[in-house]
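Asker: Can you keep this structure in mind? I'll have questions shortly.
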Amino acid sequence: MADRNTIYVLNGPNLNLLGTREPEIYGSDTLDDIAKALSDKADTMNIDLEVRQSNHEGHLVDWLQEAMNENAQAVILNAGALTHTSVALHDAIKGIDVPVIEVHISNPAAREEFRHKSLVAPVAKGTICGLGVMGYHLALDAAATF
């Protein structure tokens with residue numbers, strides 16, 4: 001069972017392709033690279049991480065609820081394209097008492113019009129976007145204060 005010093009890092013659809021998918025937008029770091037760097041940083045902060053990725057919306061909903069049930073300190077969520085379409089994620093975040101930080105490697109507001117609206121942002125504690133993988137590190141710093 002997780003305790004209050006556990007932070008979930010949840011990644012949505014296509015983020016398993018980081019490092020090869022549109023590196024001009026997302027950079028060359030893989031999701032494993034990001035997870036390793038975050039885990040190393042978390043170790044120095046005495047924080048346990050649960051880093052997960054799924055291409056399936058329901059898994060993300062289940063993991064958000066698990067974070068609440070396991071008394072996680074916070075969730076860092078990069079929902080990928082589900083950010084713009086998932087009422088289910090919106091409702092799951094709204095229904096849990098764990099702060100969620102929305103993270104995006106790119107800046108959705110500077111991309112295609114359909115990416116400009118986030119269904120996650122209204123129920124997230126905060127949003128970090130457009131700063132590349134550094135956004136995950138900034139989110140971890142913030143989550144550690146909750």
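Residue numbering restarts at 1 for every chain of the structure tokens, chains are lettered A, B, ... in their displayed order, and ligands are numbered from 1 as they appear.
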Just the helix (DSSP H, G or I) stuff from chain A, please, per backbone DSSP, written as number ranges by chain.

Answerer: A: 15-17, 23-26, 31-44, 57-69, 80-84, 87-94, 108-110, 113-115, 121-123, 134-143

Asker: Give me, as a ChimeraX atom specification, all polymer residues having an atom no more than 6 Å from stretch 109-124 of chain A, counting only C-alpha atoms and skipping those fewer than 4 positions away in the same chain.

Answerer: /A:83-84,90,94,100-101

Asker: Selection from above, C-alpha atoms, as a compact mmCIF listing (two decimals), in the first residue's frame, can you write it?

Answerer:
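Generated output (out-v2.txt):
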```txt
# COMPACT_ATOMS: atom_id res chain seq x y z
CA THR A 83 -6.55 15.75 -22.46
CA HIS A 84 -8.79 17.21 -25.13
CA HIS A 90 -12.21 14.89 -16.05
CA LYS A 94 -12.95 15.58 -9.99
CA VAL A 100 -3.40 16.22 -9.94
CA ILE A 101 -0.82 18.18 -11.89
```

Asker: Step one, run DSSP on the backbone; step two, keep only residues of chain A assigned to strand (DSSP E); then write them as a PDB file with C-alpha atoms, in the first residue's frame.

Answerer:
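Output contents, as saved in result-v3.pdb:
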```
ATOM      1  CA  THR A   6       4.041   8.200  -3.014  1.00  0.00           C
ATOM      2  CA  ILE A   7       3.413  10.153  -6.191  1.00  0.00           C
ATOM      3  CA  TYR A   8       1.857   8.591  -9.260  1.00  0.00           C
ATOM      4  CA  VAL A   9       3.176   9.608 -12.687  1.00  0.00           C
ATOM      5  CA  LEU A  10       0.586   8.597 -15.272  1.00  0.00           C
ATOM      6  CA  ASN A  11       1.122   8.836 -19.018  1.00  0.00           C
ATOM      7  CA  ASP A  48       8.292   6.786  -4.010  1.00  0.00           C
ATOM      8  CA  LEU A  49       7.050   6.969  -7.593  1.00  0.00           C
ATOM      9  CA  GLU A  50       4.542   4.827  -9.428  1.00  0.00           C
ATOM     10  CA  VAL A  51       5.292   5.526 -13.104  1.00  0.00           C
ATOM     11  CA  ARG A  52       2.830   4.051 -15.587  1.00  0.00           C
ATOM     12  CA  GLN A  53       1.724   4.432 -19.194  1.00  0.00           C
ATOM     13  CA  ALA A  74      -0.281  13.548  -5.698  1.00  0.00           C
ATOM     14  CA  VAL A  75      -0.621  12.519  -9.335  1.00  0.00           C
ATOM     15  CA  ILE A  76       1.384  13.895 -12.235  1.00  0.00           C
ATOM     16  CA  LEU A  77      -0.685  13.280 -15.361  1.00  0.00           C
ATOM     17  CA  ASN A  78       0.266  13.605 -19.002  1.00  0.00           C
ATOM     18  CA  VAL A 100      -3.401  16.217  -9.942  1.00  0.00           C
ATOM     19  CA  ILE A 101      -0.822  18.184 -11.891  1.00  0.00           C
ATOM     20  CA  GLU A 102      -1.374  18.189 -15.644  1.00  0.00           C
ATOM     21  CA  VAL A 103       1.855  18.037 -17.666  1.00  0.00           C
ATOM     22  CA  HIS A 104       2.497  18.422 -21.386  1.00  0.00           C
ATOM     23  CA  GLY A 126      -2.214  23.114 -11.953  1.00  0.00           C
ATOM     24  CA  THR A 127      -0.819  22.719 -15.446  1.00  0.00           C
ATOM     25  CA  ILE A 128       2.768  22.756 -16.724  1.00  0.00           C
ATOM     26  CA  CYS A 129       3.264  22.796 -20.479  1.00  0.00           C
TER      27      CYS A 129
END
```

Asker: For the atom pair atom CA of A:Tyr26 and atom CA of A:Thr85, what is the interatomic distance in Å to one decimal place?

Answerer: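 Atom CA of A:Thr85 lies 20.3 Å from atom CA of A:Tyr26.
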
Asker: Would you compute the distance between atom CA of A:Leu60 and atom CA of A:Leu17? Give it in Å to one decimal.

Answerer: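 Atom-to-atom, atom CA of A:Leu60 and atom CA of A:Leu17 are spaced 17.2 Å apart.
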
Asker: Pick out the closest residue to A:Tyr136 from this set: A:Glu57, A:Glu22, A:Asp33, A:Glu70. Count only C-alpha atoms.

Answerer: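 Closest residue, counting only C-alpha atoms: A:Asp33.
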
Asker: Skip A:Thr145 itself and residues of its chain fewer than 3 positions away, then list as an NGL selection string all residues within 12 Å of it, counting only C-alpha atoms.

Answerer: :A and (4-5 or 7 or 45 or 47 or 73-74 or 99 or 138-142)

Asker: Residues near A:Thr30, anyone? I mean within 9 Å using only C-alpha atoms, not counting same-chain ones fewer than 4 positions away, as an NGL selection string.

Answerer: :A and (15-20 or 34-35)

Asker: Using only C-alpha atoms for the distances, tell me which of A:Pro108, A:Gly80, A:Gly130, A:Gly27 is nearest to A:His56.

Answerer: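 Going through A:Pro108, A:Gly80, A:Gly130, A:Gly27 one by one, the smallest distance to A:His56 is for A:Gly80.
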
Asker: Please identify all polymer residues within 12 Å of A:Asp62, counting only C-alpha atoms, omitting same-chain residues fewer than 2 positions from it, and present them as a short mmCIF file (atom, residue, chain, number, x, y, z; two decimals) with C-alpha atoms, in the first residue's frame.

Answerer:
```cif
data_model
loop_
_atom_site.label_atom_id
_atom_site.label_comp_id
_atom_site.auth_asym_id
_atom_site.auth_seq_id
_atom_site.Cartn_x
_atom_site.Cartn_y
_atom_site.Cartn_z
CA LEU A 10 0.59 8.60 -15.27
CA ARG A 52 2.83 4.05 -15.59
CA SER A 54 -1.30 3.17 -21.06
CA HIS A 56 -6.27 2.95 -22.80
CA GLU A 57 -8.42 5.58 -21.13
CA GLY A 58 -9.91 3.14 -18.63
CA HIS A 59 -6.49 2.23 -17.24
CA LEU A 60 -5.83 5.89 -16.49
CA LEU A 64 -6.41 7.76 -10.67
CA GLN A 65 -8.87 5.98 -8.39
CA GLU A 66 -6.09 3.71 -7.15
CA ALA A 67 -4.02 6.78 -6.26
CA MET A 68 -6.86 7.93 -4.02
CA ASN A 69 -7.43 4.48 -2.52
CA GLU A 70 -3.72 4.13 -1.79
CA ALA A 88 -14.05 10.22 -18.10
CA LEU A 89 -10.65 11.55 -17.00
CA ASP A 91 -14.77 13.10 -13.88
CA ALA A 92 -12.18 10.75 -12.35
CA ILE A 93 -9.96 13.67 -11.32
CA GLY A 95 -14.01 12.52 -8.00
CA ILE A 96 -10.75 11.93 -6.14
#
```

Asker: What is the distance between atom CA of A:Val133 and atom CA of A:Leu31, in Å to one decimal?

Answerer: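 So the answer is 9.6 Å.
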